[in-house]
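J.: To start, I am sharing the structure in question, which I have written as structure tokens.
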Amino acid sequence: KTLANTCVSVYRLHKPDIALFSEAENCLNELRSFPLYLVTDGNKIAQHHKVKSLGLYDIMKHCYITHRYGIKHAKPSPYCFLHIQRRERVSPANIVYIGDNPKKDFVGIKPLGFRTIRIRTGEYKDVEVPSEYEAELQIDSLVELKDALKKLWPSITF
């Protein structure tokens with residue numbers, strides 16, 4: 001048990017040597033004129049180190065690590081998204097969440113009017129879910145994001 005606890009502690013406290021994929025970095029640069037937020041689940045210490053290593057604290061207006069507010073506020077809870085809405089003073093219809101996990105990313109915020117885009121990559125790429133869990137739009141790559149945003153808001157300019 002002691003060895004297991006030590007291993008978990010080492011994992012959570014290490015400073016990861018990671019970087020954004022070039023596609024993600026390019027996408028964030030193209031969208032820098034908009035207020036960008038991160039909403040991420042997971043152990044608050046481990047997630048903090050990942051966010052810091054990726055340089056996202058410098059890019060995002062704010063990074064919401066949901067477990068900082070209690071595990072009950074992890075996705076699908078709309079808790080952090082409602083914070084963003086209040087902070088920006090806009091309706092949910094003017095906020096889009098881009099996520100990859102249809103099991104939890106969209107179901108909590110869609111009924112409130114938030115816009116949603118699913119990027120079909122990674123371990124959830126082929127996951128199929130009922131319509132209430134699925135995002136409004138789906139893309140296969142961040143390269144497609146600007147076109148998807150134009151579908152949501154035709155007058156948007158980059």
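Residues are referred to by chain and number: the chain letter is A, B, ... according to the order shown in the structure tokens, the number counts from 1 in that chain, and ligands are numbered separately from 1 in the order shown.
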Return as a PyMOL selection string the full set of residues in range 4-110 of chain A whose backbone-based DSSP assignment is helix (DSSP H, G or I).
T.: chain A and resi 4-13+22-30+44-53+56-59+66-69+71-73+79-88+92-94+110
J.: Could you produce a table of the residues of range 61-155 of chain A lying within 8 Å of range 30-53 of chain A, with the nearest pair of atoms per residue and their separation in Å rounded to one decimal, using only C-alpha atoms, ordered by chain and increasing residue number, as CSV?
T.:
```
residue,atom,partner,partner_atom,distance
A:Lys61,CA,A:Leu36,CA,5.5
A:His62,CA,A:Tyr37,CA,5.3
A:Cys63,CA,A:Leu38,CA,4.6
A:Tyr64,CA,A:Val39,CA,4.7
A:Ile65,CA,A:Thr40,CA,5.1
A:Thr66,CA,A:Asp41,CA,5.3
A:His67,CA,A:Lys44,CA,5.6
A:Arg68,CA,A:Lys44,CA,5.9
A:Ala74,CA,A:Asp41,CA,5.8
A:Lys75,CA,A:Asp41,CA,6.9
A:Cys80,CA,A:Val39,CA,7.1
A:Phe81,CA,A:Val39,CA,7.8
A:Ile84,CA,A:Tyr37,CA,7.8
```
J.: Between A:Leu3, A:Val90, A:Ile109, A:Leu56, which is the closest to Pro78 in chain A once you count only C-alpha atoms?
T.: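 The answer is A:Ile109, which sits nearest to Pro78 in chain A.
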J.: Pick from A:Asn26, A:Thr2, A:Ser141, A:Ser91: nearest to Thr121 in chain A, with only C-alpha atoms counted?
T.: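 Answer, going by the shortest atom-to-atom distance: A:Ser141.
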J.: Can you list, as a PyMOL selection string, every protein, DNA or RNA residue that comes within 9 Å of range 93-95 of chain A when you count only C-alpha atoms, leaving out same-chain residues fewer than 4 positions away?
T.: chain A and resi 81+84-85+112-116+153
J.: Can I get the selection written as a tab-separated table (two decimals), in the first residue's frame, with all heavy atoms?
T.:
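Saved result, again_6.tsv, follows:
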```tsv
chain	number	residue	atom	x	y	z
A	81	PHE	N	-18.76	26.07	-16.56
A	81	PHE	CA	-19.27	26.75	-17.75
A	81	PHE	C	-20.15	27.93	-17.35
A	81	PHE	O	-20.13	28.98	-18.01
A	81	PHE	CB	-20.04	25.76	-18.63
A	81	PHE	CG	-19.17	24.65	-19.13
A	81	PHE	CD1	-19.11	23.44	-18.47
A	81	PHE	CD2	-18.39	24.82	-20.27
A	81	PHE	CE1	-18.30	22.41	-18.92
A	81	PHE	CE2	-17.58	23.81	-20.73
A	81	PHE	CZ	-17.52	22.59	-20.05
A	84	ILE	N	-17.93	30.76	-16.51
A	84	ILE	CA	-17.46	31.43	-17.73
A	84	ILE	C	-18.54	32.36	-18.26
A	84	ILE	O	-18.27	33.51	-18.62
A	84	ILE	CB	-17.05	30.39	-18.80
A	84	ILE	CG1	-15.82	29.61	-18.33
A	84	ILE	CG2	-16.79	31.08	-20.15
A	84	ILE	CD1	-15.51	28.37	-19.15
A	85	GLN	N	-19.77	31.88	-18.27
A	85	GLN	CA	-20.89	32.70	-18.76
A	85	GLN	C	-21.01	33.99	-17.95
A	85	GLN	O	-21.13	35.08	-18.50
A	85	GLN	CB	-22.19	31.91	-18.70
A	85	GLN	CG	-23.36	32.73	-19.18
A	85	GLN	CD	-24.70	32.20	-18.71
A	85	GLN	OE1	-24.79	31.17	-18.05
A	85	GLN	NE2	-25.75	32.93	-19.04
A	112	LEU	N	-28.74	23.89	-21.41
A	112	LEU	CA	-28.68	25.27	-20.96
A	112	LEU	C	-28.45	26.25	-22.11
A	112	LEU	O	-28.41	27.45	-21.90
A	112	LEU	CB	-27.56	25.43	-19.92
A	112	LEU	CG	-27.69	24.54	-18.68
A	112	LEU	CD1	-26.48	24.71	-17.77
A	112	LEU	CD2	-28.98	24.84	-17.94
A	113	GLY	N	-28.25	25.73	-23.32
A	113	GLY	CA	-28.10	26.58	-24.49
A	113	GLY	C	-26.68	26.80	-24.95
A	113	GLY	O	-26.45	27.56	-25.89
A	114	PHE	N	-25.70	26.17	-24.30
A	114	PHE	CA	-24.32	26.30	-24.74
A	114	PHE	C	-24.16	25.60	-26.08
A	114	PHE	O	-24.80	24.58	-26.34
A	114	PHE	CB	-23.35	25.67	-23.72
A	114	PHE	CG	-23.20	26.46	-22.46
A	114	PHE	CD1	-24.07	26.28	-21.40
A	114	PHE	CD2	-22.17	27.39	-22.32
A	114	PHE	CE1	-23.94	27.00	-20.23
A	114	PHE	CE2	-22.03	28.11	-21.15
A	114	PHE	CZ	-22.91	27.93	-20.11
A	115	ARG	N	-23.33	26.13	-26.94
A	115	ARG	CA	-23.04	25.51	-28.23
A	115	ARG	C	-21.94	24.48	-28.01
A	115	ARG	O	-21.10	24.64	-27.12
A	115	ARG	CB	-22.58	26.57	-29.24
A	115	ARG	CG	-23.46	27.80	-29.36
A	115	ARG	CD	-24.93	27.53	-29.68
A	115	ARG	NE	-25.19	26.97	-30.97
A	115	ARG	CZ	-25.45	27.67	-32.07
A	115	ARG	NH1	-25.48	28.99	-32.03
A	115	ARG	NH2	-25.69	27.06	-33.21
A	116	THR	N	-21.92	23.44	-28.83
A	116	THR	CA	-20.97	22.35	-28.62
A	116	THR	C	-20.42	21.82	-29.93
A	116	THR	O	-21.14	21.72	-30.92
A	116	THR	CB	-21.63	21.19	-27.84
A	116	THR	OG1	-22.81	20.77	-28.53
A	116	THR	CG2	-22.02	21.62	-26.42
A	153	TRP	N	-21.96	30.54	-36.10
A	153	TRP	CA	-22.11	31.98	-36.16
A	153	TRP	C	-21.61	32.48	-37.52
A	153	TRP	O	-20.43	32.83	-37.66
A	153	TRP	CB	-21.32	32.66	-35.04
A	153	TRP	CG	-21.73	32.23	-33.67
A	153	TRP	CD1	-22.94	32.45	-33.06
A	153	TRP	CD2	-20.96	31.49	-32.73
A	153	TRP	NE1	-22.94	31.90	-31.81
A	153	TRP	CE2	-21.74	31.30	-31.57
A	153	TRP	CE3	-19.67	30.97	-32.74
A	153	TRP	CZ2	-21.29	30.64	-30.45
A	153	TRP	CZ3	-19.21	30.29	-31.63
A	153	TRP	CH2	-20.01	30.14	-30.50
```
J.: Record the distance separating CA of Gly70 in chain A and CA of Leu82 in chain A, expressed in Å with one decimal.
T.: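 For CA of Gly70 in chain A relative to CA of Leu82 in chain A, the distance reads 15.2 Å.
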J.: Restricting the calculation to only C-alpha atoms: of A:Pro102, A:Leu137, A:Tyr57, A:Glu144, which residue gets closest to Lys125 in chain A?
T.: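 That would be A:Pro102, the residue with the smallest distance to Lys125 in chain A.
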